[in-house]
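Okay, data14.tsv is below, TSV, C-alpha atoms:
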```tsv
chain	number	residue	atom	x	y	z
A	1	MET	CA	-58.38	-19.96	-79.65
A	2	PHE	CA	-55.00	-21.67	-79.66
A	3	VAL	CA	-52.87	-21.49	-82.83
A	4	THR	CA	-49.39	-22.88	-83.36
A	5	PHE	CA	-47.22	-23.50	-86.39
A	6	TYR	CA	-44.73	-26.34	-86.45
A	7	ASN	CA	-42.52	-28.29	-88.86
A	8	ARG	CA	-43.40	-31.86	-89.75
A	9	PRO	CA	-41.26	-34.08	-91.98
A	10	VAL	CA	-43.17	-35.04	-95.13
A	11	LYS	CA	-42.02	-37.74	-97.55
A	12	LYS	CA	-41.19	-36.11	-100.89
A	13	GLY	CA	-40.10	-39.18	-102.80
A	14	LEU	CA	-36.87	-41.13	-103.10
A	15	ASP	CA	-33.32	-39.85	-103.24
A	16	GLU	CA	-30.58	-41.01	-105.67
A	17	ALA	CA	-29.84	-44.05	-103.50
A	18	GLY	CA	-33.49	-45.10	-103.51
A	19	LEU	CA	-34.05	-44.14	-99.90
A	20	PRO	CA	-37.05	-42.10	-98.74
A	21	PHE	CA	-36.45	-38.35	-98.88
A	22	TYR	CA	-38.18	-36.14	-96.31
A	23	GLN	CA	-38.53	-32.39	-96.19
A	24	ASP	CA	-39.90	-30.14	-93.45
A	25	GLN	CA	-43.34	-28.72	-94.19
A	26	VAL	CA	-45.06	-26.10	-92.07
A	27	PHE	CA	-48.23	-27.34	-90.38
A	28	VAL	CA	-50.71	-25.48	-88.22
A	29	ILE	CA	-52.84	-26.51	-85.26
A	30	ILE	CA	-55.93	-24.37	-84.75
A	31	ALA	CA	-57.88	-25.30	-81.64
A	32	ARG	CA	-61.04	-23.66	-80.39
A	33	ASP	CA	-61.10	-26.08	-77.44
A	34	HIS	CA	-59.82	-29.59	-76.68
A	35	THR	CA	-62.65	-31.21	-78.69
A	36	ASN	CA	-62.51	-28.94	-81.73
A	37	GLN	CA	-59.11	-28.68	-83.36
A	38	VAL	CA	-57.60	-28.82	-86.83
A	39	ASP	CA	-54.08	-30.07	-87.58
A	40	ARG	CA	-53.11	-29.62	-91.24
A	41	GLU	CA	-50.53	-28.25	-93.63
A	42	ALA	CA	-50.42	-24.46	-93.31
A	43	ASP	CA	-51.24	-22.20	-96.24
A	44	GLN	CA	-51.01	-18.48	-97.00
A	45	ASP	CA	-54.44	-17.85	-95.47
A	46	ASP	CA	-53.13	-19.17	-92.13
A	47	PHE	CA	-50.07	-16.91	-92.30
A	48	ASP	CA	-52.29	-13.90	-93.06
A	49	ARG	CA	-54.90	-14.80	-90.45
A	50	PHE	CA	-52.37	-15.33	-87.61
A	51	PRO	CA	-49.47	-12.97	-88.44
A	52	GLU	CA	-48.08	-12.68	-84.90
A	53	THR	CA	-47.98	-16.44	-84.37
A	54	TRP	CA	-46.46	-16.90	-87.84
A	55	ALA	CA	-43.80	-14.23	-87.18
A	56	SER	CA	-42.95	-15.85	-83.85
A	57	PHE	CA	-42.61	-19.26	-85.52
A	58	GLN	CA	-40.38	-17.80	-88.25
A	59	LYS	CA	-38.16	-16.08	-85.70
A	60	ALA	CA	-37.83	-19.28	-83.66
A	61	ASN	CA	-36.92	-21.30	-86.74
A	62	ASP	CA	-34.65	-18.80	-88.50
A	63	LYS	CA	-31.37	-20.63	-88.87
A	64	ASN	CA	-29.62	-17.37	-89.83
A	65	THR	CA	-30.53	-15.68	-86.54
A	66	SER	CA	-27.89	-16.02	-83.88
A	67	HIS	CA	-28.84	-15.53	-80.29
A	68	GLU	CA	-26.17	-14.43	-77.84
A	69	GLY	CA	-26.29	-16.22	-74.53
A	70	PHE	CA	-27.26	-19.55	-73.05
A	71	LEU	CA	-29.91	-21.12	-75.31
A	72	ILE	CA	-33.09	-22.10	-73.51
A	73	GLU	CA	-32.90	-25.55	-75.11
A	74	MET	CA	-29.79	-26.17	-73.00
A	75	TRP	CA	-31.25	-24.74	-69.78
A	76	PRO	CA	-31.96	-27.57	-67.33
A	77	MET	CA	-34.84	-25.62	-65.74
A	78	ALA	CA	-36.89	-25.60	-68.98
A	79	SER	CA	-39.05	-28.55	-69.97
A	80	PRO	CA	-39.90	-29.11	-73.64
A	81	SER	CA	-43.23	-27.32	-73.17
A	82	ASP	CA	-41.47	-24.44	-71.39
A	83	ILE	CA	-39.10	-24.12	-74.34
A	84	ALA	CA	-41.99	-24.02	-76.81
A	85	ASN	CA	-43.82	-21.45	-74.68
A	86	LEU	CA	-40.73	-19.28	-74.28
A	87	LYS	CA	-40.01	-19.33	-78.01
A	88	ALA	CA	-43.63	-18.44	-78.73
A	89	HIS	CA	-43.13	-15.38	-76.50
A	90	GLY	CA	-39.89	-14.47	-78.32
A	91	PHE	CA	-37.33	-15.72	-75.77
A	92	PHE	CA	-34.42	-17.77	-77.06
A	93	THR	CA	-31.76	-17.38	-74.35
A	94	VAL	CA	-31.79	-17.40	-70.56
A	95	GLN	CA	-30.22	-13.93	-70.63
A	96	GLU	CA	-33.12	-12.53	-72.69
A	97	LEU	CA	-35.55	-14.01	-70.23
A	98	ALA	CA	-33.68	-12.67	-67.19
A	99	LYS	CA	-33.67	-9.12	-68.62
A	100	VAL	CA	-37.49	-8.84	-68.60
A	101	THR	CA	-38.57	-5.79	-66.60
A	102	LYS	CA	-40.80	-6.23	-63.56
A	103	GLN	CA	-43.52	-4.26	-65.36
A	104	ALA	CA	-43.41	-6.51	-68.43
A	105	GLN	CA	-43.26	-9.58	-66.20
A	106	SER	CA	-46.46	-8.56	-64.42
A	107	LYS	CA	-48.30	-8.72	-67.77
A	108	MET	CA	-46.99	-12.19	-68.66
A	109	PRO	CA	-48.78	-15.49	-68.11
A	110	PRO	CA	-47.92	-17.00	-64.70
A	111	HIS	CA	-45.94	-19.93	-66.14
A	112	ILE	CA	-43.67	-17.53	-68.07
A	113	SER	CA	-43.33	-15.21	-65.06
A	114	VAL	CA	-42.08	-18.11	-62.94
A	115	LEU	CA	-39.45	-18.91	-65.59
A	116	VAL	CA	-38.35	-15.25	-65.61
A	117	ASN	CA	-37.65	-15.47	-61.86
A	118	GLN	CA	-35.82	-18.77	-62.32
A	119	ALA	CA	-33.73	-17.26	-65.15
A	120	ARG	CA	-32.72	-14.33	-62.93
A	121	SER	CA	-31.65	-16.74	-60.18
A	122	TYR	CA	-29.80	-18.92	-62.67
A	123	ILE	CA	-27.90	-15.94	-64.10
A	124	ALA	CA	-26.96	-14.75	-60.59
A	125	ILE	CA	-25.73	-18.21	-59.58
A	126	ALA	CA	-23.85	-18.65	-62.86
A	127	GLY	CA	-22.20	-15.25	-62.37
A	128	ASP	CA	-21.09	-16.21	-58.86
A	129	ALA	CA	-19.84	-19.56	-60.15
A	130	ASN	CA	-17.83	-17.80	-62.90
A	131	LYS	CA	-16.25	-15.46	-60.34
A	132	LEU	CA	-15.37	-18.44	-58.16
A	133	SER	CA	-13.96	-20.28	-61.15
A	134	GLU	CA	-11.80	-17.27	-62.07
A	135	LYS	CA	-10.51	-17.06	-58.47
A	136	ILE	CA	-9.70	-20.78	-58.48
A	137	ASP	CA	-7.83	-20.39	-61.79
A	138	ALA	CA	-5.82	-17.45	-60.38
A	139	LEU	CA	-4.93	-19.38	-57.23
A	140	THR	CA	-3.97	-22.43	-59.27
A	141	SER	CA	-1.65	-20.33	-61.43
A	142	GLU	CA	-0.12	-18.76	-58.31
A	143	ARG	CA	0.39	-22.22	-56.77
A	144	ASP	CA	2.05	-23.52	-59.95
A	145	ALA	CA	4.39	-20.50	-60.00
A	146	LEU	CA	5.33	-21.09	-56.34
A	147	ILE	CA	5.99	-24.78	-56.99
A	148	GLU	CA	8.28	-23.86	-59.90
A	149	GLU	CA	10.09	-21.25	-57.79
A	150	ASN	CA	10.50	-23.84	-55.01
A	151	ARG	CA	12.08	-26.31	-57.49
A	152	THR	CA	14.47	-23.64	-58.73
A	153	LEU	CA	15.54	-22.70	-55.17
A	154	ARG	CA	16.03	-26.36	-54.21
A	155	ALA	CA	18.21	-26.88	-57.26
A	156	GLN	CA	20.25	-23.79	-56.32
A	157	LEU	CA	20.63	-25.04	-52.72
A	158	ALA	CA	21.71	-28.46	-53.93
A	159	ALA	CA	24.36	-26.82	-56.12
A	160	ILE	CA	25.96	-24.83	-53.22
A	161	PRO	CA	27.94	-27.76	-51.69
A	162	LYS	CA	29.26	-28.67	-55.17
A	163	GLN	CA	30.39	-25.06	-55.71
A	164	LYS	CA	32.23	-25.06	-52.33
A	165	ASP	CA	34.02	-28.31	-53.23
A	166	GLU	CA	35.07	-26.91	-56.60
A	167	ALA	CA	36.32	-23.64	-55.01
A	168	ALA	CA	38.47	-25.44	-52.46
```
Take the structure in the file and give it back as structure tokens.
Amino acid sequence: MFVTFYNRPVKKGLDEAGLPFYQDQVFVIIARDHTNQVDREADQDDFDRFPETWASFQKANDKNTSHEGFLIEMWPMASPSDIANLKAHGFFTVQELAKVTKQAQSKMPPHISVLVNQARSYIAIAGDANKLSEKIDALTSERDALIEENRTLRAQLAAIPKQKDEAA
């Protein structure tokens, strides 16, 4: 059985300006197979009947929860369905996904396991890119300092003939 909770905007009336006012309502899809599924507003019975799915949905939609790292929504490797699957499994950043142990990965569905490997590669490449970027910044600063020193020395050399003329 497949169960998922999601938010759907529902018209709640009109606002002060007379425009439609919408508010998110929690809906649930309960599917036994592709021909037998229910899509309706969720109620307390659904939350009690599917507590793990409900907890996962709440965690994914908690606006007060901050996740440290690169959000999976921004990760170019993740499609919209990948993002939904990852959130359902409790992953919100690429770093969280990359930290999965090999043992835990072996128990995951194949499509999530593939994303774990891609996240590890992405983190490794990003780390190498950051090191390269830091080296480039250091070399750029060194170059700028040398250019400034060169200007100062040229100005000093240009001033030497003037000092000889004034001394004579």
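With CA of Asp24 (chain A) on one side and CA of Glu96 (chain A) on the other, the separation reads 28.1 Å.
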Neighbour list for region 122-124 of chain A as a list of chain:residue names, cut-off 12 Å, only C-alpha atoms, skip fewer than 4 positions in-chain: A:Gly69, A:Phe70, A:Ile72, A:Trp75, A:Pro76, A:Met77, A:Ala78, A:Thr93, A:Val94, A:Gln95, A:Glu96, A:Leu97, A:Ala98, A:Lys99, A:Leu115, A:Val116, A:Asn117, A:Gln118, A:Asp128, A:Ala129, A:Asn130, A:Lys131
Give me, please, the distance in Å between CA of Phe91 (chain A) and CA of Leu71 (chain A), quoted to one decimal. 9.2 Å
Enter the distance from CA of Ala31 (chain A) to CA of Asp48 (chain A), in Å, rounded to one decimal. 17.1 Å
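Here the question is which of A:Gly90, A:Thr4, A:Leu153, A:Gln37 gets nearest to Trp54 (chain A) using all atoms listed in the file, and that residue is A:Thr4.
For Gln58 (chain A), the residues within 12 Å (counting all atoms listed in the file, excluding itself and residues fewer than 4 positions away along the chain) are Thr4, Phe5, Tyr6, Asn7, Val26, Phe47, Pro51, Glu52, Thr53, Trp54, Asp62, Lys63, Asn64, Thr65, Lys87, Ala88 and Gly90 of chain A.
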Polymer residues at most 8 Å from (-36.4, -36.0, -100.9) by all atoms listed in the file, as a PyMOL selection string: chain A and resi 11-15+20-23
Rebuild N, CA and C atoms on region 103-120 of chain A, as a compact mmCIF listing (two decimals), in the coordinates of the input?
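Output below, filename out_17.txt:
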```
# COMPACT_ATOMS: atom_id res chain seq x y z
N GLN A 103 -42.25 -4.70 -64.79
CA GLN A 103 -43.52 -4.26 -65.36
C GLN A 103 -43.99 -5.21 -66.46
N ALA A 104 -43.06 -5.58 -67.36
CA ALA A 104 -43.41 -6.51 -68.43
C ALA A 104 -43.75 -7.89 -67.86
N GLN A 105 -43.02 -8.28 -66.82
CA GLN A 105 -43.26 -9.58 -66.20
C GLN A 105 -44.66 -9.66 -65.60
N SER A 106 -45.13 -8.56 -65.04
CA SER A 106 -46.46 -8.56 -64.42
C SER A 106 -47.58 -8.79 -65.44
N LYS A 107 -47.29 -8.54 -66.72
CA LYS A 107 -48.30 -8.72 -67.77
C LYS A 107 -48.20 -10.09 -68.44
N MET A 108 -47.20 -10.89 -68.03
CA MET A 108 -46.99 -12.19 -68.66
C MET A 108 -47.84 -13.26 -67.99
N PRO A 109 -48.08 -14.36 -68.73
CA PRO A 109 -48.78 -15.49 -68.11
C PRO A 109 -47.96 -16.01 -66.91
N PRO A 110 -48.62 -16.54 -65.91
CA PRO A 110 -47.92 -17.00 -64.70
C PRO A 110 -46.79 -17.99 -64.97
N HIS A 111 -46.99 -18.93 -65.89
CA HIS A 111 -45.94 -19.93 -66.14
C HIS A 111 -44.69 -19.30 -66.75
N ILE A 112 -44.84 -18.23 -67.51
CA ILE A 112 -43.67 -17.53 -68.07
C ILE A 112 -43.03 -16.67 -66.98
N SER A 113 -43.84 -16.04 -66.15
CA SER A 113 -43.33 -15.21 -65.06
C SER A 113 -42.46 -16.02 -64.11
N VAL A 114 -42.87 -17.24 -63.80
CA VAL A 114 -42.08 -18.11 -62.94
C VAL A 114 -40.72 -18.39 -63.58
N LEU A 115 -40.71 -18.64 -64.88
CA LEU A 115 -39.45 -18.91 -65.59
C LEU A 115 -38.55 -17.67 -65.61
N VAL A 116 -39.14 -16.49 -65.67
CA VAL A 116 -38.35 -15.25 -65.61
C VAL A 116 -37.59 -15.20 -64.28
N ASN A 117 -38.30 -15.48 -63.19
CA ASN A 117 -37.65 -15.47 -61.86
C ASN A 117 -36.55 -16.53 -61.79
N GLN A 118 -36.82 -17.71 -62.34
CA GLN A 118 -35.82 -18.77 -62.32
C GLN A 118 -34.60 -18.38 -63.17
N ALA A 119 -34.84 -17.70 -64.28
CA ALA A 119 -33.73 -17.26 -65.15
C ALA A 119 -32.87 -16.24 -64.41
N ARG A 120 -33.49 -15.31 -63.70
CA ARG A 120 -32.72 -14.33 -62.93
C ARG A 120 -31.85 -15.03 -61.89
```
